[in-house]
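S.K.: I'm passing along run35.tsv; it holds TSV, C-alpha atoms.
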```tsv
chain	number	residue	atom	x	y	z
A	563	MET	CA	-24.75	0.41	4.51
A	564	THR	CA	-21.95	0.47	1.94
A	565	ASP	CA	-18.57	-1.17	2.46
A	566	PHE	CA	-16.43	1.95	2.04
A	567	VAL	CA	-13.17	0.15	1.23
A	568	ALA	CA	-14.85	-1.95	-1.48
A	569	PHE	CA	-16.58	1.15	-2.83
A	570	LEU	CA	-13.28	3.02	-3.20
A	571	LYS	CA	-11.48	0.04	-4.72
A	572	ASN	CA	-14.18	-0.20	-7.39
A	573	ASN	CA	-14.24	3.52	-8.20
A	574	PRO	CA	-11.07	4.80	-9.88
A	575	TYR	CA	-12.05	8.46	-9.74
A	576	PRO	CA	-14.56	9.87	-7.23
A	577	GLY	CA	-12.48	13.08	-7.30
A	578	ARG	CA	-12.46	14.70	-3.87
A	579	GLY	CA	-14.36	13.15	-0.99
A	580	ILE	CA	-15.47	13.81	2.59
A	581	ALA	CA	-16.45	11.04	5.00
A	582	VAL	CA	-17.87	11.93	8.43
A	583	GLY	CA	-18.36	9.53	11.33
A	584	LYS	CA	-19.03	9.78	15.06
A	585	ASP	CA	-15.37	9.97	16.08
A	586	ARG	CA	-13.62	10.72	12.78
A	587	VAL	CA	-13.56	12.61	9.53
A	588	TYR	CA	-11.64	11.84	6.33
A	589	TYR	CA	-10.92	14.07	3.34
A	590	PHE	CA	-9.07	12.95	0.21
A	591	ILE	CA	-8.06	14.50	-3.08
A	592	MET	CA	-7.34	12.77	-6.37
A	593	GLY	CA	-5.98	14.09	-9.64
A	594	ARG	CA	-5.71	13.25	-13.33
A	595	SER	CA	-3.57	16.15	-14.58
A	596	GLU	CA	0.05	16.82	-13.65
A	597	ASN	CA	-1.06	20.07	-11.99
A	598	SER	CA	-3.62	18.33	-9.78
A	599	ARG	CA	-1.25	15.53	-8.85
A	600	ASN	CA	1.54	17.96	-7.93
A	601	ARG	CA	0.20	18.52	-4.41
A	602	VAL	CA	0.65	17.57	-0.77
A	603	PHE	CA	-1.27	18.25	2.44
A	604	THR	CA	0.57	20.16	5.17
A	605	GLU	CA	-0.59	21.02	8.68
A	606	THR	CA	-1.41	24.57	9.78
A	607	LYS	CA	-2.32	26.05	13.16
A	608	ASP	CA	-6.05	25.55	12.58
A	609	GLY	CA	-6.13	22.63	10.12
A	610	ILE	CA	-4.36	21.82	6.85
A	611	ARG	CA	-3.67	23.36	3.46
A	612	THR	CA	-2.68	22.08	0.03
A	613	GLU	CA	0.74	23.00	-1.30
A	614	ALA	CA	2.64	22.34	-4.51
A	615	TYR	CA	5.00	19.41	-4.14
A	616	ASP	CA	7.21	20.88	-6.87
A	617	PRO	CA	6.55	24.65	-7.08
A	618	ALA	CA	8.33	24.83	-10.46
A	619	LYS	CA	5.64	22.60	-11.99
A	620	MET	CA	2.65	24.51	-10.62
A	621	LYS	CA	0.64	26.03	-13.50
A	622	ASP	CA	-2.65	27.38	-12.16
A	623	PRO	CA	-3.12	27.38	-8.37
A	624	SER	CA	-6.61	28.97	-8.39
A	625	LEU	CA	-8.69	25.84	-7.78
A	626	ILE	CA	-6.15	23.47	-6.25
A	627	ILE	CA	-4.37	25.50	-3.55
A	628	TYR	CA	-6.62	26.15	-0.55
A	629	HIS	CA	-7.28	25.25	3.10
A	630	PRO	CA	-9.39	22.06	3.11
A	631	VAL	CA	-9.64	21.98	6.90
A	632	ARG	CA	-10.03	24.82	9.37
A	633	ARG	CA	-11.41	25.13	12.88
A	634	ASN	CA	-13.58	27.90	14.29
A	635	ALA	CA	-15.52	28.40	17.53
A	636	GLN	CA	-18.36	26.18	16.25
A	637	GLY	CA	-16.24	23.18	15.31
A	638	LEU	CA	-14.35	21.71	12.35
A	639	ILE	CA	-14.84	22.79	8.72
A	640	VAL	CA	-13.84	20.50	5.83
A	641	THR	CA	-14.29	21.42	2.16
A	642	ASN	CA	-12.82	20.89	-1.29
A	643	GLY	CA	-12.03	24.56	-1.96
A	644	ASP	CA	-11.60	28.08	-0.66
A	645	GLN	CA	-15.18	28.04	0.62
A	646	THR	CA	-13.56	26.79	3.84
A	647	ASP	CA	-12.55	30.39	4.48
A	648	THR	CA	-16.01	31.68	3.56
A	649	ILE	CA	-17.65	29.38	6.12
A	650	ARG	CA	-15.11	30.32	8.77
A	651	ASP	CA	-15.54	34.04	8.17
A	652	TYR	CA	-19.37	34.00	8.06
A	653	GLY	CA	-19.74	31.78	11.09
A	654	ASP	CA	-22.90	30.34	9.51
A	655	PHE	CA	-22.61	27.27	7.28
A	656	ARG	CA	-25.74	27.78	5.19
A	657	LYS	CA	-25.47	31.56	4.81
A	658	ALA	CA	-21.84	31.24	3.77
A	659	LEU	CA	-22.55	28.67	1.07
A	660	MET	CA	-25.46	30.69	-0.31
A	661	THR	CA	-22.79	33.14	-1.49
A	662	ARG	CA	-20.80	30.46	-3.35
A	663	GLU	CA	-21.38	28.15	-6.31
A	664	TYR	CA	-19.72	25.29	-8.24
A	665	GLU	CA	-16.23	25.66	-9.65
A	666	PRO	CA	-15.85	27.44	-13.04
A	667	ASP	CA	-13.97	24.56	-14.68
A	668	GLU	CA	-16.17	23.91	-17.74
A	669	PRO	CA	-17.16	21.30	-18.88
A	670	ASN	CA	-16.91	19.50	-15.51
A	671	PHE	CA	-18.28	22.32	-13.32
A	672	THR	CA	-16.83	20.53	-10.32
A	673	PRO	CA	-19.20	20.66	-7.33
A	674	ARG	CA	-18.11	22.33	-4.12
A	675	ILE	CA	-18.58	19.90	-1.24
A	676	SER	CA	-18.44	21.01	2.38
A	677	ALA	CA	-18.89	19.66	5.89
A	678	MET	CA	-19.30	21.34	9.27
A	679	MET	CA	-18.77	19.19	12.36
A	680	TYR	CA	-20.20	20.97	15.39
A	681	ASN	CA	-18.85	20.66	18.91
A	682	ASP	CA	-22.08	18.97	20.11
A	683	GLY	CA	-21.63	16.02	17.71
A	684	SER	CA	-24.11	17.16	15.07
A	685	PHE	CA	-22.91	17.96	11.56
A	686	GLU	CA	-23.97	19.28	8.18
A	687	LEU	CA	-22.95	18.43	4.61
A	688	ALA	CA	-23.55	20.46	1.48
A	689	ILE	CA	-22.96	20.18	-2.25
A	690	LEU	CA	-23.15	23.07	-4.72
A	691	LYS	CA	-23.42	21.86	-8.30
A	692	GLU	CA	-24.38	23.00	-11.78
A	693	LYS	CA	-27.86	22.19	-13.07
A	694	ASP	CA	-29.23	23.70	-16.28
A	695	GLY	CA	-26.86	26.64	-16.06
A	696	ARG	CA	-27.76	27.48	-12.46
A	697	CYS	CA	-26.37	26.53	-9.07
A	698	LEU	CA	-28.22	23.81	-7.17
A	699	ARG	CA	-27.39	23.94	-3.45
A	700	GLU	CA	-28.25	20.87	-1.39
A	701	PHE	CA	-27.88	20.73	2.39
A	702	PHE	CA	-27.98	17.66	4.64
A	703	CYS	CA	-28.22	18.08	8.43
A	704	TYR	CA	-27.48	15.28	10.91
A	705	GLU	CA	-28.16	15.29	14.65
A	706	GLY	CA	-25.40	12.71	15.06
A	707	ILE	CA	-24.46	9.23	13.94
A	708	GLU	CA	-23.90	5.80	15.49
A	709	GLU	CA	-20.46	4.45	16.29
A	710	GLY	CA	-18.85	2.72	13.30
A	711	LYS	CA	-21.11	4.39	10.74
A	712	GLY	CA	-20.55	7.38	8.50
A	713	VAL	CA	-21.77	9.37	5.52
A	714	PHE	CA	-19.79	10.14	2.38
A	715	LEU	CA	-20.00	12.89	-0.20
A	716	SER	CA	-17.73	13.24	-3.25
A	717	THR	CA	-17.43	15.59	-6.18
A	718	TYR	CA	-18.02	12.93	-8.84
A	719	VAL	CA	-19.89	9.68	-9.24
A	720	GLY	CA	-16.88	8.26	-11.03
A	721	PRO	CA	-14.83	8.73	-14.21
A	722	GLY	CA	-16.31	10.22	-17.37
A	723	ASN	CA	-16.03	13.04	-19.87
A	724	PRO	CA	-17.30	15.38	-18.65
A	725	LEU	CA	-17.02	14.07	-15.12
A	726	PRO	CA	-20.49	13.23	-13.72
A	727	SER	CA	-21.34	15.14	-10.53
A	728	PHE	CA	-22.33	13.32	-7.35
A	729	ALA	CA	-26.10	12.85	-7.16
A	730	GLY	CA	-28.56	12.00	-4.42
A	731	GLU	CA	-28.13	11.84	-0.65
A	732	PRO	CA	-24.71	11.28	0.94
A	733	LEU	CA	-23.80	7.60	0.92
A	734	GLU	CA	-24.19	5.66	4.18
A	735	ILE	CA	-20.92	3.82	4.83
A	736	ASP	CA	-18.98	1.96	7.46
A	737	MET	CA	-15.90	3.82	8.77
A	738	PRO	CA	-12.68	1.84	8.28
A	739	GLU	CA	-9.29	2.81	9.65
A	740	PRO	CA	-7.23	5.55	7.92
A	741	GLU	CA	-4.67	3.14	6.47
A	742	GLU	CA	-7.43	1.07	4.89
A	743	VAL	CA	-8.92	4.12	3.18
A	744	TRP	CA	-5.54	5.22	1.81
A	745	ALA	CA	-4.80	1.74	0.48
A	746	ALA	CA	-8.24	1.52	-1.18
A	747	LEU	CA	-7.88	4.73	-3.20
A	748	ASN	CA	-6.85	4.24	-6.83
A	749	GLU	CA	-3.05	4.10	-6.94
A	750	ASP	CA	-2.74	6.14	-10.14
A	751	ASN	CA	-5.13	8.92	-9.16
A	752	LYS	CA	-4.83	9.35	-5.40
A	753	VAL	CA	-2.88	12.38	-4.17
A	754	SER	CA	-3.46	13.03	-0.45
A	755	LEU	CA	-5.64	11.98	2.49
A	756	TYR	CA	-6.43	13.81	5.74
A	757	THR	CA	-7.72	11.77	8.67
A	758	ASN	CA	-8.83	12.98	12.07
A	759	VAL	CA	-9.70	10.24	14.55
A	760	ASN	CA	-10.69	11.48	18.01
A	761	GLY	CA	-8.65	14.61	17.38
A	762	VAL	CA	-5.53	12.77	16.21
A	763	VAL	CA	-4.60	14.01	12.74
A	764	LYS	CA	-2.68	11.95	10.22
A	765	LEU	CA	-1.73	12.98	6.68
A	766	PHE	CA	-1.01	10.66	3.74
A	767	ASN	CA	0.79	12.11	0.71
A	768	LYS	CA	1.62	10.02	-2.34
A	769	ASN	CA	4.33	12.47	-3.41
A	770	LEU	CA	6.06	11.98	-0.06
A	771	GLY	CA	6.05	8.22	-0.40
A	772	ASP	CA	3.18	7.46	2.00
```
Starting from the file, lay out its structure as structure tokens.

M.R.:
Amino acid sequence: MTDFVAFLKNNPYPGRGIAVGKDRVYYFIMGRSENSRNRVFTETKDGIRTEAYDPAKMKDPSLIIYHPVRRNAQGLIVTNGDQTDTIRDYGDFRKALMTREYEPDEPNFTPRISAMMYNDGSFELAILKEKDGRCLREFFCYEGIEEGKGVFLSTYVGPGNPLPSFAGEPLEIDMPEPEEVWAALNEDNKVSLYTNVNGVVKLFNKNLGD
């Protein structure tokens, strides 16, 4: 099992990441460009959305403004893009993601990562990424997980040019407290963090001085 805090401290740019545990879920975003860094998380009735911190500086909202977290009758949906809405509207995690693919941001072709936490404690993770010009869709289904443990999926392995996509199975991690995760993220690149521990939501936004 990987020490999640140490992992984040040693990785300056995993991009966007989802960590799921028995009683909690975390989602963070990072950014290298001014456009990506010009964001905050705000709460909505059914989850959260990204918003421009300074609307005057927003250039292209297409891939950076979306609802990362939404709830439906089945449970909690967490993703790194507008596929959150696709999953909510379909009501079927796998069928919804079979209609989507990686982001069209050549040369990185950023993967779409998604999680569905069901009301019975089971959950699913998925990553849609580019491979040889086609979309590779990988799904990981979990019946549950032990207290204190979690699994982690990110868009990238780390920094690079182009950015290398996450590969392999989701990483098995311990599940530290929200403040520890926020402190471990690279200070230059971190933007926002959503945490939900036993239903208690907390948002961290660098642009708001958190």

S.K.: Between atom CA of A:Val763 and atom CA of A:Ile639, measure the distance and give it in Å to one decimal.

M.R.: 14.1 Å

S.K.: Measuring between only C-alpha atoms, which one of A:Phe569, A:Phe671, A:Phe701, A:Tyr615 shows the shortest distance to A:Val743?

M.R.: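 Nearest candidate to A:Val743 out of A:Phe569, A:Phe671, A:Phe701, A:Tyr615: A:Phe569.
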
S.K.: Would you mind listing what lies within 6 Å of stretch 674-691 of chain A as number ranges by chain, with only C-alpha atoms counted and same-chain residues fewer than 2 positions away left out?

M.R.: A: 636-642, 663-664, 697-706

S.K.: Which residues come within 10 Å of A:Phe566, counting only C-alpha atoms, excluding same-chain residues fewer than 2 positions away, as a short mmCIF file (atom, residue, chain, number, x, y, z; two decimals) with C-alpha atoms, in the coordinates of the input?

M.R.:
```cif
data_model
loop_
_atom_site.label_atom_id
_atom_site.label_comp_id
_atom_site.auth_asym_id
_atom_site.auth_seq_id
_atom_site.Cartn_x
_atom_site.Cartn_y
_atom_site.Cartn_z
CA MET A 563 -24.75 0.41 4.51
CA THR A 564 -21.95 0.47 1.94
CA ALA A 568 -14.85 -1.95 -1.48
CA PHE A 569 -16.58 1.15 -2.83
CA LEU A 570 -13.28 3.02 -3.20
CA LYS A 571 -11.48 0.04 -4.72
CA ASN A 572 -14.18 -0.20 -7.39
CA ALA A 581 -16.45 11.04 5.00
CA GLY A 712 -20.55 7.38 8.50
CA VAL A 713 -21.77 9.37 5.52
CA PHE A 714 -19.79 10.14 2.38
CA LEU A 733 -23.80 7.60 0.92
CA GLU A 734 -24.19 5.66 4.18
CA ILE A 735 -20.92 3.82 4.83
CA ASP A 736 -18.98 1.96 7.46
CA MET A 737 -15.90 3.82 8.77
CA PRO A 738 -12.68 1.84 8.28
CA GLU A 742 -7.43 1.07 4.89
CA VAL A 743 -8.92 4.12 3.18
CA ALA A 746 -8.24 1.52 -1.18
#
```

S.K.: Applying 12 Å and all atoms listed in the file, which residues near A:Gly722 remain after dropping the ones on its own chain fewer than 5 positions away? List them as a compact mmCIF listing (two decimals) with C-alpha atoms, in the frame of the given file.

M.R.:
```
# COMPACT_ATOMS: atom_id res chain seq x y z
CA ASN A 573 -14.24 3.52 -8.20
CA PRO A 574 -11.07 4.80 -9.88
CA TYR A 575 -12.05 8.46 -9.74
CA PRO A 576 -14.56 9.87 -7.23
CA GLY A 577 -12.48 13.08 -7.30
CA ARG A 594 -5.71 13.25 -13.33
CA PRO A 669 -17.16 21.30 -18.88
CA ASN A 670 -16.91 19.50 -15.51
CA SER A 727 -21.34 15.14 -10.53
```

S.K.: By how many Å are atom CA of A:Phe603 and atom CA of A:Gly730 apart?

M.R.: 28.8 Å

S.K.: If you count all atoms listed in the file, which residues fall within 12 Å of A:Ser624, apart from same-chain ones fewer than 2 positions away, as a list in words?

M.R.: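 Neighbouring residues, sequence-local ones excluded: Asn597, Ser598, Thr612, Glu613, Met620, Lys621, Asp622, Ile626, Ile627, Tyr628, Gly643, Asp644, Glu665, Pro666 and Asp667 of chain A.
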
S.K.: Out of A:Met660, A:Val759, A:Ile591, A:Val631, which residue has the shortest atom-to-atom distance to A:Asp647 when counting all atoms listed in the file?

M.R.: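 Nearest candidate to A:Asp647 out of A:Met660, A:Val759, A:Ile591, A:Val631: A:Val631.
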
S.K.: Of the candidates A:Tyr756, A:Phe590, A:Trp744, A:Phe728, which one gets nearest to A:Asp772 if we count all atoms listed in the file?

M.R.: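 Looking at the shortest contact to A:Asp772, the residue is A:Trp744.
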
S.K.: Please measure the separation of atom CA of A:Pro740 and atom CA of A:Thr646, giving the value in Å to one decimal.

M.R.: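 Distance between the two atoms: 22.5 Å.
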
S.K.: With all atoms listed in the file as the basis for distance, which of A:Val602, A:Leu659, A:Ala635, A:Met592 is at the shortest distance from A:Lys752?

M.R.: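 Nearest candidate to A:Lys752 out of A:Val602, A:Leu659, A:Ala635, A:Met592: A:Met592.
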
S.K.: List the spatial neighbours of A:Glu708 as a PDB file with C-alpha atoms, keeping the file's coordinate frame - criterion: any atom at most 10 Å away, only C-alpha atoms, same-chain residues fewer than 2 positions off excluded.

M.R.:
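After the write, around_12.pdb holds the following:
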```pdb
ATOM      1  CA  GLY A 583     -18.360   9.530  11.330  1.00  0.00           C
ATOM      2  CA  LYS A 584     -19.030   9.780  15.060  1.00  0.00           C
ATOM      3  CA  ASP A 585     -15.370   9.970  16.080  1.00  0.00           C
ATOM      4  CA  GLY A 706     -25.400  12.710  15.060  1.00  0.00           C
ATOM      5  CA  GLY A 710     -18.850   2.720  13.300  1.00  0.00           C
ATOM      6  CA  LYS A 711     -21.110   4.390  10.740  1.00  0.00           C
ATOM      7  CA  GLY A 712     -20.550   7.380   8.500  1.00  0.00           C
TER       8      GLY A 712
END
```

S.K.: With distances taken over all atoms listed in the file, which of A:Ser595, A:Asn600, A:Thr757, A:Asn769 is nearest to A:Ala618?

M.R.: A:Asn600

S.K.: Would you please work out which residue, of A:Asp565, A:Gln645, A:Asp608, A:Arg578, is nearest to A:Ala658 when using all atoms listed in the file?

M.R.: A:Gln645

S.K.: Taking N, CA and C atoms as the atom set, what does stretch 587-621 of chain A look like once completed, written as an mmCIF file, in the coordinates of the input?

M.R.:
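Here's the written file out-v9.cif:
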```
data_model
loop_
_atom_site.group_PDB
_atom_site.id
_atom_site.type_symbol
_atom_site.label_atom_id
_atom_site.label_comp_id
_atom_site.auth_asym_id
_atom_site.auth_seq_id
_atom_site.Cartn_x
_atom_site.Cartn_y
_atom_site.Cartn_z
ATOM 1 N N VAL A 587 -13.242 12.020 10.830
ATOM 2 C CA VAL A 587 -13.560 12.610 9.530
ATOM 3 C C VAL A 587 -12.375 12.385 8.611
ATOM 4 N N TYR A 588 -12.669 12.049 7.354
ATOM 5 C CA TYR A 588 -11.640 11.840 6.330
ATOM 6 C C TYR A 588 -11.900 12.785 5.159
ATOM 7 N N TYR A 589 -10.810 13.274 4.572
ATOM 8 C CA TYR A 589 -10.920 14.070 3.340
ATOM 9 C C TYR A 589 -9.784 13.677 2.411
ATOM 10 N N PHE A 590 -10.126 13.317 1.169
ATOM 11 C CA PHE A 590 -9.070 12.950 0.210
ATOM 12 C C PHE A 590 -9.210 13.757 -1.069
ATOM 13 N N ILE A 591 -8.074 13.889 -1.751
ATOM 14 C CA ILE A 591 -8.060 14.500 -3.080
ATOM 15 C C ILE A 591 -7.412 13.533 -4.052
ATOM 16 N N MET A 592 -7.904 13.575 -5.295
ATOM 17 C CA MET A 592 -7.340 12.770 -6.370
ATOM 18 C C MET A 592 -7.047 13.709 -7.536
ATOM 19 N N GLY A 593 -6.307 13.238 -8.514
ATOM 20 C CA GLY A 593 -5.980 14.090 -9.640
ATOM 21 C C GLY A 593 -5.682 13.284 -10.891
ATOM 22 N N ARG A 594 -6.012 13.876 -12.033
ATOM 23 C CA ARG A 594 -5.710 13.250 -13.330
ATOM 24 C C ARG A 594 -4.620 14.010 -14.063
ATOM 25 N N SER A 595 -4.574 15.330 -13.904
ATOM 26 C CA SER A 595 -3.570 16.150 -14.580
ATOM 27 C C SER A 595 -2.301 16.254 -13.733
ATOM 28 N N GLU A 596 -1.204 16.622 -14.378
ATOM 29 C CA GLU A 596 0.050 16.820 -13.650
ATOM 30 C C GLU A 596 -0.108 17.909 -12.593
ATOM 31 N N ASN A 597 -0.861 18.963 -12.917
ATOM 32 C CA ASN A 597 -1.060 20.070 -11.990
ATOM 33 C C ASN A 597 -1.803 19.619 -10.730
ATOM 34 N N SER A 598 -2.839 18.808 -10.916
ATOM 35 C CA SER A 598 -3.620 18.330 -9.780
ATOM 36 C C SER A 598 -2.832 17.335 -8.930
ATOM 37 N N ARG A 599 -2.010 16.542 -9.577
ATOM 38 C CA ARG A 599 -1.250 15.530 -8.850
ATOM 39 C C ARG A 599 -0.039 16.105 -8.132
ATOM 40 N N ASN A 600 0.351 17.318 -8.497
ATOM 41 C CA ASN A 600 1.540 17.960 -7.930
ATOM 42 C C ASN A 600 1.191 18.673 -6.617
ATOM 43 N N ARG A 601 0.627 17.912 -5.660
ATOM 44 C CA ARG A 601 0.200 18.520 -4.410
ATOM 45 C C ARG A 601 0.483 17.632 -3.209
ATOM 46 N N VAL A 602 0.564 18.274 -2.046
ATOM 47 C CA VAL A 602 0.650 17.570 -0.770
ATOM 48 C C VAL A 602 -0.207 18.326 0.243
ATOM 49 N N PHE A 603 -0.625 17.620 1.293
ATOM 50 C CA PHE A 603 -1.270 18.250 2.440
ATOM 51 C C PHE A 603 -0.198 18.592 3.464
ATOM 52 N N THR A 604 -0.301 19.780 4.058
ATOM 53 C CA THR A 604 0.570 20.160 5.170
ATOM 54 C C THR A 604 -0.288 20.711 6.295
ATOM 55 N N GLU A 605 0.169 20.540 7.529
ATOM 56 C CA GLU A 605 -0.590 21.020 8.680
ATOM 57 C C GLU A 605 -0.395 22.512 8.894
ATOM 58 N N THR A 606 -1.443 23.164 9.389
ATOM 59 C CA THR A 606 -1.410 24.570 9.780
ATOM 60 C C THR A 606 -1.882 24.663 11.228
ATOM 61 N N LYS A 607 -1.908 25.873 11.770
ATOM 62 C CA LYS A 607 -2.320 26.050 13.160
ATOM 63 C C LYS A 607 -3.763 25.624 13.394
ATOM 64 N N ASP A 608 -4.628 25.849 12.386
ATOM 65 C CA ASP A 608 -6.050 25.550 12.580
ATOM 66 C C ASP A 608 -6.565 24.451 11.664
ATOM 67 N N GLY A 609 -5.675 23.701 11.008
ATOM 68 C CA GLY A 609 -6.130 22.630 10.120
ATOM 69 C C GLY A 609 -5.033 22.171 9.179
ATOM 70 N N ILE A 610 -5.344 22.183 7.869
ATOM 71 C CA ILE A 610 -4.360 21.820 6.850
ATOM 72 C C ILE A 610 -4.537 22.714 5.629
ATOM 73 N N ARG A 611 -3.552 22.685 4.743
ATOM 74 C CA ARG A 611 -3.670 23.360 3.460
ATOM 75 C C ARG A 611 -3.013 22.485 2.387
ATOM 76 N N THR A 612 -3.361 22.737 1.139
ATOM 77 C CA THR A 612 -2.680 22.080 0.030
ATOM 78 C C THR A 612 -1.509 22.948 -0.399
ATOM 79 N N GLU A 613 -0.436 22.301 -0.798
ATOM 80 C CA GLU A 613 0.740 23.000 -1.300
ATOM 81 C C GLU A 613 1.266 22.267 -2.518
ATOM 82 N N ALA A 614 2.002 22.967 -3.363
ATOM 83 C CA ALA A 614 2.640 22.340 -4.510
ATOM 84 C C ALA A 614 3.809 21.484 -4.019
ATOM 85 N N TYR A 615 3.859 20.264 -4.476
ATOM 86 C CA TYR A 615 5.000 19.410 -4.140
ATOM 87 C C TYR A 615 6.253 19.924 -4.827
ATOM 88 N N ASP A 616 6.125 20.271 -6.106
ATOM 89 C CA ASP A 616 7.210 20.880 -6.870
ATOM 90 C C ASP A 616 6.713 22.229 -7.370
ATOM 91 N N PRO A 617 7.045 23.330 -6.685
ATOM 92 C CA PRO A 617 6.550 24.650 -7.080
ATOM 93 C C PRO A 617 6.852 25.010 -8.534
ATOM 94 N N ALA A 618 7.938 24.508 -9.085
ATOM 95 C CA ALA A 618 8.330 24.830 -10.460
ATOM 96 C C ALA A 618 7.340 24.262 -11.481
ATOM 97 N N LYS A 619 6.589 23.235 -11.079
ATOM 98 C CA LYS A 619 5.640 22.600 -11.990
ATOM 99 C C LYS A 619 4.214 23.114 -11.829
ATOM 100 N N MET A 620 3.983 23.984 -10.852
ATOM 101 C CA MET A 620 2.650 24.510 -10.620
ATOM 102 C C MET A 620 2.250 25.468 -11.738
ATOM 103 N N LYS A 621 1.104 25.211 -12.375
ATOM 104 C CA LYS A 621 0.640 26.030 -13.500
ATOM 105 C C LYS A 621 -0.439 27.016 -13.068
#
```
